[in-house]
Amino acid sequence: MILYHGSDQIIEHPIYHGGKRTNDYGYGFYTTENIELAKEWACAGNSTGYINRYSFDEKGLNILNLNSEKYTILNWLAILTRYRTYWQNGSIAETAKKYLQENFFINPEDYDVIIGYRADDSYFSFAQDFISGTISLKKLSQAMKLGKLGEQIVPISRLSYEHISFLDSAPVDPEKYYILKTQRDHEARLQYRNTKSAEDDVNDLFIIDIVREEMKNDDPRLR
């Protein structure tokens with residue numbers, strides 16, 4: 001597997017627990033198979049960044065793929081509410097976060113690698129809207145597919161870092177890729193506004209329904 005990591009520096013030797021615990025899945029080395037997305041992430045601060053390329057041998061590693069049919073978007077969201085900060089306050093949001101973590105949380109530290117969505121700023125705001133009860137589960141699922149977000153692949157364990165081999169790096173032009181990142185984010189937000197304003201179906205599930213009816217991960221209504 002070839003993985004890419006966009007950064008403001010060249011990283012030949014990723015450091016175990018070298019990142020921030022407040023990233024999507026806690027400590028980990030956040031990568032993608034999509035080189036174009038990685039170039040955008042490299043220029044997130046509108047300054048010259050670097051695309052780092054790695055060979056990654058996933059054989060023998062315990063992998064949690066949150067985008068597989070075994071899980072729902074609520075599993076991803078439960079992890080996000082554990083590690084990411086700046087969630088809205090309020091009774092519904094606090095109750096929702098507690099319920100998700102008690103019933104849908106999967107501990108990333110029990111795995112070597114996590115595969116799932118990346119919560120860019122716009123996508124994090126979509127998740128916040130669901131937690132606060134303003135959009136349905138259906139609309140959240142639709143929103144996460146806007147703007148061609150793609151997957152991120154995150155080595156988590158010390159063992160997984162031993163499976164990463166640096167290949168090379170190259171500078172990334174912010175004049176091109178910061179603009180592309182901004183355009184993608186703008187496109188996602190524009191499409192989201194259209195999705196959010198669309199009429200809800202009477203059968204659509206909101207977070208308050210999930211909590212009130214004590215739905216679990218195997219509930220077919222969540223699929």
# chains A, B, ... in the order shown; residues from 1 in each chain; ligands from 1
>>> closest_atom_pairs(of="stretch 142-193 of chain A", to="stretch 17-20 of chain A", cutoff="12 Å", atoms="only C-alpha atoms", output="tab-separated table")
residue	atom	partner	partner_atom	distance
A:Val154	CA	A:Gly19	CA	11.5
A:Pro155	CA	A:His17	CA	10.4
A:Ile156	CA	A:His17	CA	8.3
A:Ser157	CA	A:His17	CA	8.9
A:Arg158	CA	A:His17	CA	8.6
A:Ser160	CA	A:His17	CA	11.9
A:Tyr161	CA	A:His17	CA	10.2
>>> residues_around(residues="A:Phe105", least_positions_apart="4", cutoff="12 Å", atoms="only C-alpha atoms", output="list in words")
Tyr25, Leu66, Tyr71, Thr72, Ile73, Leu74, Asn75, Trp76, Leu77, Ala78, Ile79, Leu80, Thr81, Arg82, Tyr83, Lys97, Lys98, Tyr99, Leu100, Gln101, Glu109, Asp110, Lys216 and Asn217 of chain A
>>> atom_distance(atom1="atom CA of A:Phe166", atom2="atom CA of A:Ile51")
11.4 Å
>>> select_by_dssp(residues="stretch 51-218 of chain A", states="strand (DSSP E or B)", output="ChimeraX atom specification")
/A:51-56,63-65,113-117,151-155,164-172
>>> residues_around(residues="A:Asp200", least_positions_apart="5", cutoff="9 Å", atoms="only C-alpha atoms", output="MDAnalysis selection string")
chainID A and resid 135:136 139
>>> atom_distance(atom1="atom CA of A:Ala44", atom2="atom CA of A:Ile106")
29.0 Å
>>> residues_around(residues="A:Ala38", least_positions_apart="5", cutoff="8 Å", atoms="only C-alpha atoms", output="list in words")
Tyr4, His5, Gly6, Thr31, Thr32 and Ile51 of chain A
>>> write_last_selection(atoms="N, CA and C atoms", output="short mmCIF file (atom, residue, chain, number, x, y, z; two decimals), in the first residue's frame")
data_model
loop_
_atom_site.label_atom_id
_atom_site.label_comp_id
_atom_site.auth_asym_id
_atom_site.auth_seq_id
_atom_site.Cartn_x
_atom_site.Cartn_y
_atom_site.Cartn_z
N TYR A 4 0.19 8.62 1.58
CA TYR A 4 0.72 9.98 1.49
C TYR A 4 0.33 10.76 2.75
N HIS A 5 1.25 11.59 3.18
CA HIS A 5 1.01 12.45 4.34
C HIS A 5 1.39 13.87 3.97
N GLY A 6 0.42 14.78 4.02
CA GLY A 6 0.70 16.18 3.74
C GLY A 6 1.09 16.90 5.01
N THR A 31 -2.78 9.58 7.25
CA THR A 31 -2.36 9.46 5.85
C THR A 31 -3.57 9.19 4.96
N THR A 32 -3.33 9.19 3.66
CA THR A 32 -4.36 8.88 2.69
C THR A 32 -3.72 8.21 1.47
N ILE A 51 4.65 16.85 0.39
CA ILE A 51 3.95 15.59 0.26
C ILE A 51 4.96 14.48 0.56
#
>>> select_by_dssp(residues="stretch 2-220 of chain A", states="alpha helix (DSSP H)", output="ChimeraX atom specification")
/A:35-42,73-83,91-103,121-131,137-143,158-161,174-197,207-212
>>> write_last_selection(atoms="C-alpha atoms", output="short mmCIF file (atom, residue, chain, number, x, y, z; two decimals), in the first residue's frame")
data_model
loop_
_atom_site.label_atom_id
_atom_site.label_comp_id
_atom_site.auth_asym_id
_atom_site.auth_seq_id
_atom_site.Cartn_x
_atom_site.Cartn_y
_atom_site.Cartn_z
CA ILE A 35 -2.17 12.13 -3.29
CA GLU A 36 -4.24 15.14 -4.36
CA LEU A 37 -5.99 15.34 -1.00
CA ALA A 38 -2.68 14.98 0.81
CA LYS A 39 -1.30 17.92 -1.21
CA GLU A 40 -4.25 20.03 -0.09
CA TRP A 41 -3.63 19.09 3.54
CA ALA A 42 0.04 20.00 3.10
CA ILE A 73 -21.57 6.52 10.75
CA LEU A 74 -22.45 6.66 14.46
CA ASN A 75 -19.36 4.59 15.30
CA TRP A 76 -17.21 7.18 13.53
CA LEU A 77 -19.08 9.97 15.27
CA ALA A 78 -18.68 8.39 18.70
CA ILE A 79 -14.91 8.33 18.25
CA LEU A 80 -14.94 11.91 16.99
CA THR A 81 -16.84 13.11 20.06
CA ARG A 82 -14.25 11.48 22.31
CA TYR A 83 -11.17 13.14 20.81
CA SER A 91 -28.54 19.50 26.99
CA ILE A 92 -29.22 17.70 23.69
CA ALA A 93 -25.61 17.83 22.51
CA GLU A 94 -24.23 16.67 25.86
CA THR A 95 -26.78 13.85 26.10
CA ALA A 96 -26.04 12.82 22.51
CA LYS A 97 -22.27 12.69 23.03
CA LYS A 98 -22.68 10.64 26.20
CA TYR A 99 -25.08 8.20 24.53
CA LEU A 100 -22.86 7.74 21.46
CA GLN A 101 -19.78 7.10 23.54
CA GLU A 102 -21.60 4.60 25.76
CA ASN A 103 -23.20 2.66 22.90
CA ASP A 121 -13.61 21.90 9.15
CA SER A 122 -16.74 21.75 7.03
CA TYR A 123 -17.40 18.09 7.82
CA PHE A 124 -16.87 18.69 11.51
CA SER A 125 -19.59 21.36 11.36
CA PHE A 126 -21.94 18.84 9.69
CA ALA A 127 -21.31 16.41 12.56
CA GLN A 128 -21.97 19.19 15.07
CA ASP A 129 -25.35 19.90 13.45
CA PHE A 130 -26.36 16.27 13.88
CA ILE A 131 -25.22 16.18 17.51
CA LEU A 137 -29.00 10.84 10.32
CA LYS A 138 -29.89 10.57 6.63
CA LYS A 139 -28.72 14.11 5.92
CA LEU A 140 -25.52 13.59 7.91
CA SER A 141 -24.74 10.48 5.84
CA GLN A 142 -25.37 12.45 2.64
CA ALA A 143 -23.24 15.35 3.85
CA ARG A 158 3.58 1.14 17.94
CA LEU A 159 3.64 -2.05 15.85
CA SER A 160 2.00 -0.32 12.87
CA TYR A 161 4.73 2.34 12.82
CA PRO A 174 0.24 26.52 -2.01
CA GLU A 175 -0.88 28.85 -4.81
CA LYS A 176 -2.51 25.83 -6.42
CA TYR A 177 -3.41 23.47 -3.59
CA TYR A 178 -4.59 25.93 -0.95
CA ILE A 179 -7.02 27.26 -3.56
CA LEU A 180 -8.14 23.73 -4.41
CA LYS A 181 -8.71 22.95 -0.74
CA THR A 182 -10.71 26.15 -0.28
CA GLN A 183 -12.80 25.42 -3.38
CA ARG A 184 -13.53 21.87 -2.25
CA ASP A 185 -14.60 23.09 1.17
CA HIS A 186 -16.78 25.80 -0.38
CA GLU A 187 -18.40 23.26 -2.72
CA ALA A 188 -19.14 20.91 0.19
CA ARG A 189 -20.70 23.71 2.27
CA LEU A 190 -22.81 24.89 -0.67
CA GLN A 191 -24.12 21.39 -1.35
CA TYR A 192 -24.69 20.92 2.37
CA ARG A 193 -26.89 24.00 2.57
CA ASN A 194 -29.02 22.55 -0.21
CA THR A 195 -29.16 19.19 1.56
CA LYS A 196 -29.97 20.79 4.92
CA SER A 197 -32.82 22.87 3.50
CA ILE A 207 -30.29 12.02 17.43
CA ILE A 208 -33.12 12.47 19.93
CA ASP A 209 -34.94 9.50 18.34
CA ILE A 210 -31.83 7.34 18.60
CA VAL A 211 -31.36 8.23 22.27
CA ARG A 212 -35.04 7.99 23.24
#
>>> atom_distance(atom1="atom CA of A:Met1", atom2="atom CA of A:Pro108")
20.8 Å
>>> residues_around(residues="A:Leu61", least_positions_apart="2", cutoff="9 Å", atoms="only C-alpha atoms", output="list in words")
Asp57, Glu58, Lys59, Ile63, Tyr111, Asp112, Val113, Leu159 and Ser160 of chain A
>>> closest_residue(among="A:Ile114, A:Ile2, A:Met215, A:Ile164", to="A:Asn67", atoms="only C-alpha atoms")
A:Ile114
